[in-house]
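A.B. asks: Let me give you the structure first, and then I'll get to my questions.
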Amino acid sequence: MKTRSAIEITGLSHAVQRTEILAPTTLTLPGGKITALIGPNGAGKSTLSRLIARIEPPPEGTVLVNGLDVAQTPGARLARELAFMGQHTGLASRLRVRELVAFGRWPHCAGRPGPADSAAIARALHDFELEPLAGRFLDTLSGGQAQRAHLAMAAAQQTPWLILDEPLNNLDLAHARALMAHLARLREAGGSVLIVLHDLNFAAGWADHVVAMKAGAVVAEGPPAEVLTAPGLSALYETEIAVTEHCGRPLVLHHLGGVAERRQEA
Ligand SMILES: Nc1ncnc2c1ncn2[C@@H]1O[C@H](COP(=O)(O)OP(=O)(O)OP(=O)(O)O)[C@@H](O)[C@H]1O
């Protein structure tokens, strides 16, 4: 039986100037779960997440979000189903934090905010510790503060699906963990999350499901303990990686790479 709130991807592919950057992909992202999308630079993680969120032009294949075909669904309707936070490179400098977060309510109120919109904005500012910064222009924020402002905008959208492309960029470890805890609370409330992660231990610690990509294709998927293994990760990143266990979860060890070899040489 299909999960109503899943994202169902069928035969999705993408090419840029005849170069395939996403091989035909068929994949189900489970509803009510946190799915981590991992893989080396250039693997196609952003491409896949942008195609799901229809940031890219309509591709080959279909993507159903909660049963809605993203290629056919009006933008405002889709924006009530999923919120997307990409890897932003520039900031609209003359925008204040509160104004940015308020953009998240546009699909709900089309510029005429009511009490529910104000409450959602206040909640997002609170959840991402932005209340003291609400009146600040975006270009005066630190990298991590700006990242939290963009996360708050996506959170204010209050959608069943949240798709986040490398949201831990610039966040210190406390804010990174706070974000993952926030996502876990959303999941407990029935929400669904797709999160692109480079820090494998956040995937190990918080994800229910892991999808691994390499060279434009999905190469593995499953629970963290099945995907985050030493042989699997070493092959995925073409780098020696060890995996141990901590609190019943995989713990990925890669920062001492080469030490074993140097010890053997000594
Ligand atoms: N518009 C484009 N023109 C040409 N190549 C592109 C374009 N967009 C993406 N690519 C290529 O497609 C591949 C996948 O890119 P993508 O951004 O999806 O990777 P990623 O897994 O998100 O990588 P990273 O971890 O570095 O963010 C890369 O080789 C990238 O250079």
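Chain lettering (A, B, ...) mirrors the order of the structure tokens, residue numbering begins at 1 for each chain separately, and ligand numbering begins at 1 in order of display.
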As a PyMOL selection string, please: the residues near range 179-191 of chain A (cut-off 12 Å, only C-alpha atoms, same-chain neighbours under 2 positions excluded).

C.D. replies: chain A and resi 4-6+30-36+66+81-83+124+126-129+144+147-148+151-152+154-155+158-164+166-169+171-177+193-195+197+199+201-208

A.B. asks: Show me which residues are within 7 Å of ligand 1 counting only C-alpha atoms and all ligand atoms, and format the list as an mmCIF file with N, CA and C atoms, in the first residue's frame.

C.D. replies:
```cif
data_model
loop_
_atom_site.group_PDB
_atom_site.id
_atom_site.type_symbol
_atom_site.label_atom_id
_atom_site.label_comp_id
_atom_site.auth_asym_id
_atom_site.auth_seq_id
_atom_site.Cartn_x
_atom_site.Cartn_y
_atom_site.Cartn_z
ATOM 1 N N VAL A 16 22.033 18.346 -18.774
ATOM 2 C CA VAL A 16 22.372 19.717 -19.118
ATOM 3 C C VAL A 16 23.249 19.653 -20.359
ATOM 4 N N ILE A 21 23.100 14.496 -15.834
ATOM 5 C CA ILE A 21 23.560 14.742 -14.464
ATOM 6 C C ILE A 21 22.691 13.998 -13.448
ATOM 7 N N GLY A 39 26.282 11.795 -0.185
ATOM 8 C CA GLY A 39 27.105 11.440 -1.346
ATOM 9 C C GLY A 39 28.150 12.508 -1.585
ATOM 10 N N PRO A 40 29.158 12.186 -2.386
ATOM 11 C CA PRO A 40 30.251 13.142 -2.595
ATOM 12 C C PRO A 40 29.825 14.370 -3.400
ATOM 13 N N ASN A 41 30.684 15.370 -3.431
ATOM 14 C CA ASN A 41 30.429 16.571 -4.233
ATOM 15 C C ASN A 41 30.115 16.179 -5.672
ATOM 16 N N GLY A 42 29.122 16.826 -6.229
ATOM 17 C CA GLY A 42 28.777 16.584 -7.625
ATOM 18 C C GLY A 42 27.982 15.315 -7.869
ATOM 19 N N ALA A 43 27.537 14.648 -6.799
ATOM 20 C CA ALA A 43 26.819 13.369 -6.953
ATOM 21 C C ALA A 43 25.429 13.551 -7.558
ATOM 22 N N GLY A 44 24.870 14.742 -7.406
ATOM 23 C CA GLY A 44 23.520 14.988 -7.930
ATOM 24 C C GLY A 44 22.483 15.213 -6.844
ATOM 25 N N LYS A 45 22.922 15.426 -5.606
ATOM 26 C CA LYS A 45 21.987 15.595 -4.483
ATOM 27 C C LYS A 45 21.150 16.860 -4.650
ATOM 28 N N SER A 46 21.828 17.968 -4.963
ATOM 29 C CA SER A 46 21.081 19.220 -5.155
ATOM 30 C C SER A 46 20.161 19.106 -6.362
ATOM 31 N N THR A 47 20.673 18.489 -7.411
ATOM 32 C CA THR A 47 19.858 18.335 -8.620
ATOM 33 C C THR A 47 18.582 17.579 -8.294
ATOM 34 N N LEU A 48 18.713 16.467 -7.576
ATOM 35 C CA LEU A 48 17.530 15.677 -7.237
ATOM 36 C C LEU A 48 16.579 16.476 -6.349
ATOM 37 N N GLY A 216 25.498 10.951 -10.176
ATOM 38 C CA GLY A 216 24.182 11.139 -10.780
ATOM 39 C C GLY A 216 23.224 9.984 -10.614
#
```

A.B. asks: Smallest atom-to-atom distance to Ala149 in chain A: which of A:Gly104, A:Gly75, A:Gly114, A:Pro223, using only C-alpha atoms?

C.D. replies: A:Gly104

A.B. asks: With only C-alpha atoms as the atoms that count, which of A:Asp165, A:Gln157, A:Val70, A:Ile38 lies nearest to Leu228 in chain A?

C.D. replies: A:Ile38

A.B. asks: For a test of reading the model, state the distance in Å between CA of Glu131 in chain A and CA of Arg105 in chain A, rounded to one decimal.

C.D. replies: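 The value is 17.4 Å.
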
A.B. asks: Quick one: pick out all strand (DSSP E or B) residues within range 109-237 of chain A from a backbone DSSP run and write them as a list in words.

C.D. replies: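 Those residues are Phe137, Trp161, Leu162, Ile163, Leu164, Asp165, Ser192, Val193, Leu194, Ile195, Val196, His209, Val210, Val211, Ala212, Met213, Lys214, Ala217, Val218, Val219, Ala220, Glu221 and Gly222 of chain A.
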
A.B. asks: For the selection just defined, write its residues with C-alpha atoms to a file, as a compact mmCIF listing (two decimals), in the first residue's frame.

C.D. replies:
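Output (selection01.txt):
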```txt
# COMPACT_ATOMS: atom_id res chain seq x y z
CA PHE A 137 19.02 43.55 7.55
CA TRP A 161 7.29 18.22 3.46
CA LEU A 162 10.48 20.12 4.18
CA ILE A 163 13.35 19.75 1.70
CA LEU A 164 16.64 21.18 2.91
CA ASP A 165 19.83 21.27 0.86
CA SER A 192 8.32 14.60 6.47
CA VAL A 193 11.86 15.80 5.77
CA LEU A 194 14.42 15.34 3.02
CA ILE A 195 17.78 16.72 4.11
CA VAL A 196 21.02 16.84 2.11
CA HIS A 209 16.21 6.56 6.08
CA VAL A 210 19.38 7.27 4.11
CA VAL A 211 19.72 7.63 0.34
CA ALA A 212 23.27 7.60 -1.05
CA MET A 213 24.06 9.10 -4.44
CA LYS A 214 27.16 8.97 -6.60
CA ALA A 217 22.60 7.93 -9.51
CA VAL A 218 21.18 6.48 -6.31
CA VAL A 219 23.59 3.74 -5.25
CA ALA A 220 22.13 2.69 -1.89
CA GLU A 221 19.15 3.35 0.36
CA GLY A 222 17.87 2.00 3.63
```

A.B. asks: Using only C-alpha atoms, can you tell me which of A:Thr140, A:Leu37, A:Cys247, A:Leu27 comes closest to Val227 in chain A?

C.D. replies: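 Checking each candidate against Val227 in chain A, we get A:Leu37 as the closest.
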
A.B. asks: Could you work out how far CA of Thr73 in chain A lies from CA of Pro24 in chain A, giving the answer in Å with one decimal?

C.D. replies: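 Distance between the two atoms: 21.9 Å.
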
A.B. asks: Any idea what the distance is between CA of Leu236 in chain A and CA of Glu20 in chain A?

C.D. replies: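 Interatomic distance here is 19.4 Å.
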
A.B. asks: For each of A:Ala110, A:Glu226, A:Arg18, A:Val97, take the minimum atom-to-atom distance to Gln145 in chain A, counting only C-alpha atoms, then give the residue where this is smallest.

C.D. replies: A:Val97

A.B. asks: Looking at A:Thr229, A:Thr10, A:Gln72, A:Gln87, which one is nearest to Arg50 in chain A, with distances taken over only C-alpha atoms?

C.D. replies: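 Under the stated criterion, the closest residue is A:Gln87.
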
A.B. asks: When you count only C-alpha atoms, which of these residues is closest to Ala79 in chain A: A:Pro231, A:Gly11, A:Pro113, A:Pro107?

C.D. replies: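 Of all the options, A:Pro107 lies closest to Ala79 in chain A.
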
A.B. asks: In range 121-230 of chain A, what's alpha helix (DSSP H) per DSSP? Answer as a PyMOL selection string?

C.D. replies: chain A and resi 121-127+143-156+173-188+200-206+224-227+230
